[in-house]
$ cat my_file02.cif   # mmCIF, C-alpha atoms
data_run
#
loop_
_atom_site.label_atom_id
_atom_site.label_comp_id
_atom_site.auth_asym_id
_atom_site.auth_seq_id
_atom_site.Cartn_x
_atom_site.Cartn_y
_atom_site.Cartn_z
CA MET A 1 220.60 201.85 261.07
CA PRO A 2 220.04 203.29 264.57
CA ALA A 3 222.18 202.00 267.41
CA ARG A 4 220.62 199.38 269.65
CA LYS A 5 219.66 200.79 273.04
CA VAL A 6 220.61 198.80 276.11
CA SER A 7 219.92 199.31 279.78
CA ARG A 8 222.26 199.05 282.75
CA ARG A 9 220.36 195.91 283.76
CA GLU A 10 221.01 194.30 280.36
CA ILE A 11 224.68 195.21 280.57
CA VAL A 12 225.03 193.69 284.04
CA ALA A 13 223.19 190.54 282.95
CA ALA A 14 225.46 190.17 279.92
CA ALA A 15 228.55 190.81 282.06
CA ARG A 16 227.40 188.16 284.49
CA ALA A 17 226.84 185.66 281.68
CA ILE A 18 230.38 186.24 280.42
CA LEU A 19 231.83 186.02 283.91
CA GLU A 20 229.91 182.87 284.83
CA THR A 21 230.65 180.99 281.60
CA ASP A 22 234.10 182.21 280.59
CA GLY A 23 235.68 183.61 283.77
CA PRO A 24 236.99 187.01 284.76
CA ASP A 25 239.67 187.29 282.07
CA ALA A 26 236.97 187.07 279.40
CA LEU A 27 235.02 189.98 280.87
CA THR A 28 236.15 192.94 278.78
CA MET A 29 234.24 195.93 277.50
CA ARG A 30 234.77 194.66 273.96
CA ALA A 31 233.38 191.20 274.80
CA LEU A 32 230.49 192.82 276.60
CA GLY A 33 229.67 195.01 273.59
CA GLU A 34 229.84 192.00 271.29
CA ARG A 35 227.54 189.98 273.55
CA LEU A 36 225.02 192.83 273.52
CA GLY A 37 225.37 193.54 269.81
CA ILE A 38 226.64 197.07 270.33
CA ARG A 39 229.94 198.86 270.02
CA ALA A 40 231.99 198.82 273.22
CA PRO A 41 232.18 202.65 273.44
CA SER A 42 228.37 202.69 273.82
CA LEU A 43 228.78 200.96 277.18
CA TYR A 44 230.47 204.07 278.56
CA HIS A 45 227.11 205.90 278.48
CA HIS A 46 226.09 203.60 281.33
CA PHE A 47 229.36 202.69 283.06
CA PRO A 48 232.52 204.82 283.16
CA ASP A 49 234.82 201.80 283.14
CA LYS A 50 235.11 198.04 283.57
CA ALA A 51 235.61 198.46 287.33
CA SER A 52 232.12 199.98 287.53
CA VAL A 53 230.65 196.98 285.72
CA GLU A 54 232.46 194.71 288.17
CA LEU A 55 231.11 196.79 291.07
CA ALA A 56 227.57 196.24 289.77
CA LEU A 57 228.29 192.49 289.64
CA ILE A 58 229.66 192.57 293.19
CA ALA A 59 226.56 194.41 294.41
CA THR A 60 224.33 191.87 292.65
CA GLY A 61 226.27 189.00 294.21
CA LEU A 62 226.17 190.48 297.70
CA LEU A 63 222.41 190.93 297.48
CA GLU A 64 222.01 187.35 296.28
CA GLN A 65 224.19 186.15 299.13
CA ALA A 66 222.17 188.16 301.65
CA LEU A 67 218.92 186.66 300.41
CA THR A 68 220.38 183.14 300.28
CA PHE A 69 221.95 183.33 303.73
CA GLU A 70 218.89 184.96 305.31
CA ALA A 71 216.72 182.14 303.98
CA ALA A 72 219.16 179.48 305.18
CA VAL A 73 219.42 180.85 308.71
CA SER A 74 215.68 181.41 309.07
CA SER A 75 214.90 177.92 307.80
CA ALA A 76 217.06 176.22 310.44
CA PRO A 77 216.67 177.98 313.79
CA GLY A 78 218.13 174.98 315.64
CA GLU A 79 221.24 174.70 313.46
CA PRO A 80 221.86 178.09 311.88
CA LEU A 81 225.63 177.60 311.49
CA ARG A 82 225.21 174.35 309.58
CA ALA A 83 222.51 175.83 307.36
CA LEU A 84 224.60 178.93 306.72
CA ALA A 85 227.72 176.90 305.88
CA THR A 86 225.76 174.71 303.50
CA ALA A 87 224.27 177.76 301.76
CA TYR A 88 227.63 179.54 301.65
CA ARG A 89 229.39 176.59 300.04
CA ALA A 90 226.55 175.96 297.59
CA TYR A 91 226.49 179.60 296.49
CA ALA A 92 230.24 179.70 295.92
CA ARG A 93 230.21 176.42 293.99
CA ARG A 94 227.28 177.55 291.84
CA HIS A 95 228.88 180.93 291.07
CA PRO A 96 232.65 180.44 291.47
CA HIS A 97 233.75 183.37 289.31
CA LEU A 98 231.29 185.79 290.90
CA TYR A 99 232.21 184.53 294.36
CA ARG A 100 235.87 185.15 293.67
CA LEU A 101 235.16 188.59 292.19
CA ILE A 102 233.36 189.48 295.42
CA THR A 103 236.02 188.11 297.76
CA GLU A 104 239.47 188.28 296.20
CA ARG A 105 240.05 192.03 296.16
CA PRO A 106 239.52 194.86 298.58
CA LEU A 107 235.80 195.58 298.79
CA PRO A 108 234.94 199.05 297.43
CA ARG A 109 232.63 199.72 300.38
CA GLU A 110 232.26 203.42 299.69
CA ARG A 111 230.81 202.66 296.25
CA LEU A 112 228.35 199.92 297.28
CA PRO A 113 224.67 200.65 297.91
CA GLU A 114 224.24 201.78 301.49
CA GLY A 115 223.68 198.91 303.92
CA LEU A 116 224.37 196.15 301.39
CA GLU A 117 227.53 194.80 303.00
CA ALA A 118 225.89 194.85 306.44
CA ARG A 119 222.89 192.97 305.08
CA ALA A 120 225.10 190.31 303.49
CA VAL A 121 226.99 189.81 306.76
CA ALA A 122 223.99 189.99 309.12
CA PRO A 123 222.92 186.34 308.66
CA VAL A 124 226.44 185.22 309.54
CA VAL A 125 226.29 187.24 312.75
CA VAL A 126 222.85 185.80 313.55
CA ALA A 127 224.11 182.26 312.92
CA ALA A 128 227.08 183.01 315.18
CA GLY A 129 224.74 183.87 318.04
CA GLY A 130 225.22 187.61 317.65
CA ASP A 131 228.96 187.46 318.35
CA PRO A 132 230.82 189.49 315.68
CA ASP A 133 234.18 187.83 316.43
CA ARG A 134 232.68 184.38 316.09
CA ALA A 135 230.98 185.54 312.87
CA ARG A 136 234.39 186.58 311.49
CA ALA A 137 235.75 183.15 312.37
CA VAL A 138 232.81 181.48 310.61
CA ARG A 139 233.35 183.60 307.50
CA ALA A 140 237.09 182.90 307.53
CA PHE A 141 236.53 179.15 307.86
CA ALA A 142 233.88 179.04 305.14
CA HIS A 143 235.87 181.25 302.80
CA GLY A 144 239.07 179.28 303.30
CA MET A 145 237.34 175.97 302.67
CA VAL A 146 235.55 177.31 299.60
CA VAL A 147 238.66 178.84 298.05
CA LEU A 148 240.68 175.68 298.60
CA GLU A 149 237.88 173.67 297.04
CA LEU A 150 237.39 176.02 294.06
CA THR A 151 241.10 176.11 293.30
CA GLY A 152 241.47 172.33 293.49
CA ARG A 153 243.84 172.38 296.46
CA PHE A 154 242.33 169.31 298.07
CA PRO A 155 243.15 165.87 296.64
CA PRO A 156 240.59 164.84 294.01
CA ASP A 157 239.29 161.98 296.14
CA ALA A 158 238.93 164.07 299.32
CA ASP A 159 235.47 163.96 300.88
CA LEU A 160 235.07 167.52 302.12
CA ASP A 161 231.70 167.10 303.78
CA PRO A 162 233.22 165.70 307.02
CA ALA A 163 235.72 168.58 307.11
CA TRP A 164 232.88 171.09 306.79
CA ARG A 165 230.94 169.35 309.54
CA ALA A 166 234.00 169.28 311.84
CA GLY A 167 234.74 172.95 311.24
CA ILE A 168 231.20 174.06 311.86
CA ALA A 169 230.96 171.83 314.95
CA ALA A 170 234.12 173.41 316.34
CA LEU A 171 232.76 176.89 315.65
CA ALA A 172 229.40 176.00 317.20
CA ARG A 173 231.02 175.13 320.55
CA ARG A 174 231.12 178.00 322.96
#
$ encode --input "my_file02.cif" --output "structure tokens"
Amino acid sequence: MPARKVSRREIVAAARAILETDGPDALTMRALGERLGIRAPSLYHHFPDKASVELALIATGLLEQALTFEAAVSSAPGEPLRALATAYRAYARRHPHLYRLITERPLPRERLPEGLEARAVAPVVVAAGGDPDRARAVRAFAHGMVVLELTGRFPPDADLDPAWRAGIAALARR
């Protein structure tokens, strides 16, 4: 019986499904091969190692974030920071394992598609009124809040919406 042919796109989609449903520890080349119905060594025709599969996931996530954040900022010209924060939090909550894969390690910038990181950050800079330092503060606030929420560091009965509003309001003041 001939071996089943798979594409890079299929591999990335299967890796994402494993990551999203079972978490990062479950994402192995063996599990990926099993999900695709192929032997794990066949994956190496498309990706040299697991880190390369993760890089493809990171690139996919950054592009999704760019599109999501661009849409949020353009849909709320009067309140771009609030719209961005809402979109940022929603994305991270919808894709917690992918979000953490993107943000918890050094970013392999030199291996990402050219301009991708800049595109993902550009809506944050726009929402911050073009000020790169303020944009960094916005990202740090949003990331810190999201990570604390994803890891269950707030009390279970904590209403985080007021904290998000207060943080964004503080960052919106000039």
$ closest_atom_pairs --input "my_file02.cif" --of "range 34-83 of chain A" --to "range 108-131 of chain A" --cutoff "9 Å" --atoms "all atoms listed in the file" --output "Markdown table"
| residue | atom | partner | partner_atom | distance |
| --- | --- | --- | --- | --- |
| A:Leu55 | CA | A:Leu112 | CA | 7.5 |
| A:Ala56 | CA | A:Leu112 | CA | 8.4 |
| A:Ile58 | CA | A:Leu112 | CA | 8.5 |
| A:Ala59 | CA | A:Leu112 | CA | 6.5 |
| A:Leu62 | CA | A:Ala120 | CA | 5.9 |
| A:Leu63 | CA | A:Ala120 | CA | 6.6 |
| A:Glu64 | CA | A:Ala120 | CA | 8.4 |
| A:Gln65 | CA | A:Ala120 | CA | 6.1 |
| A:Ala66 | CA | A:Ala120 | CA | 4.1 |
| A:Leu67 | CA | A:Ala120 | CA | 7.8 |
| A:Phe69 | CA | A:Pro123 | CA | 5.9 |
| A:Glu70 | CA | A:Pro123 | CA | 5.4 |
| A:Ala71 | CA | A:Pro123 | CA | 8.8 |
| A:Ala72 | CA | A:Pro123 | CA | 8.6 |
| A:Val73 | CA | A:Ala127 | CA | 6.5 |
| A:Ser74 | CA | A:Pro123 | CA | 8.8 |
| A:Pro77 | CA | A:Ala127 | CA | 8.6 |
| A:Glu79 | CA | A:Ala127 | CA | 8.1 |
| A:Pro80 | CA | A:Ala127 | CA | 4.9 |
| A:Leu81 | CA | A:Ala127 | CA | 5.1 |
| A:Arg82 | CA | A:Ala127 | CA | 8.7 |
| A:Ala83 | CA | A:Ala127 | CA | 8.6 |
$ axis_aligned_box --input "my_file02.cif" --around "range 98-110 of chain A" --padding-each-side "8 Å" --output "lines of an AutoDock Vina configuration file"
center_x = 235.7
center_y = 194.0
center_z = 295.6
size_x = 24.8
size_y = 34.9
size_z = 25.5
$ closest_residue --input "my_file02.cif" --among "A:Arg9, A:His143, A:Arg30, A:His46" --to "Tyr91 in chain A" --atoms "only C-alpha atoms"
A:His143
$ residues_around --input "my_file02.cif" --residues "Ala15 in chain A" --least-positions-apart "4" --cutoff "9 Å" --atoms "only C-alpha atoms" --output "PDB file with C-alpha atoms, in the coordinates of the input"
ATOM      1  CA  GLU A  10     221.010 194.300 280.360  1.00  0.00           C
ATOM      2  CA  ILE A  11     224.680 195.210 280.570  1.00  0.00           C
ATOM      3  CA  LEU A  19     231.830 186.020 283.910  1.00  0.00           C
ATOM      4  CA  GLU A  20     229.910 182.870 284.830  1.00  0.00           C
ATOM      5  CA  LEU A  27     235.020 189.980 280.870  1.00  0.00           C
ATOM      6  CA  THR A  28     236.150 192.940 278.780  1.00  0.00           C
ATOM      7  CA  MET A  29     234.240 195.930 277.500  1.00  0.00           C
ATOM      8  CA  ALA A  31     233.380 191.200 274.800  1.00  0.00           C
ATOM      9  CA  LEU A  32     230.490 192.820 276.600  1.00  0.00           C
ATOM     10  CA  ARG A  35     227.540 189.980 273.550  1.00  0.00           C
ATOM     11  CA  VAL A  53     230.650 196.980 285.720  1.00  0.00           C
ATOM     12  CA  GLU A  54     232.460 194.710 288.170  1.00  0.00           C
ATOM     13  CA  LEU A  57     228.290 192.490 289.640  1.00  0.00           C
TER      14      LEU A  57
END
$ residues_around --input "my_file02.cif" --residues "Trp164 in chain A" --least-positions-apart "5" --cutoff "9 Å" --atoms "all atoms listed in the file" --output "ChimeraX atom specification"
/A:82,85-86,141-142,145,169
$ atom_distance --input "my_file02.cif" --atom1 "CA of Leu150 in chain A" --atom2 "CA of Leu98 in chain A"
11.9 Å
$ atom_distance --input "my_file02.cif" --atom1 "CA of Ala137 in chain A" --atom2 "CA of Arg105 in chain A"
19.0 Å
$ atom_distance --input "my_file02.cif" --atom1 "CA of Ser75 in chain A" --atom2 "CA of His95 in chain A"
22.0 Å
$ closest_residue --input "my_file02.cif" --among "A:Ala172, A:Ala14, A:Ala51, A:Ala158" --to "Glu34 in chain A" --atoms "only C-alpha atoms"
A:Ala14
$ closest_residue --input "my_file02.cif" --among "A:Pro106, A:Pro48, A:Pro96, A:Gly167" --to "Arg16 in chain A" --atoms "all atoms listed in the file"
A:Pro96
$ closest_residue --input "my_file02.cif" --among "A:Arg173, A:Val146, A:Ile38, A:Arg134" --to "Leu160 in chain A" --atoms "all atoms listed in the file"
A:Val146
$ closest_residue --input "my_file02.cif" --among "A:Arg4, A:Gly61, A:Pro132, A:Pro24" --to "Leu36 in chain A" --atoms "all atoms listed in the file"
A:Arg4
$ closest_residue --input "my_file02.cif" --among "A:Gly37, A:Lys5, A:Thr68, A:Ile18" --to "Ala87 in chain A" --atoms "only C-alpha atoms"
A:Thr68
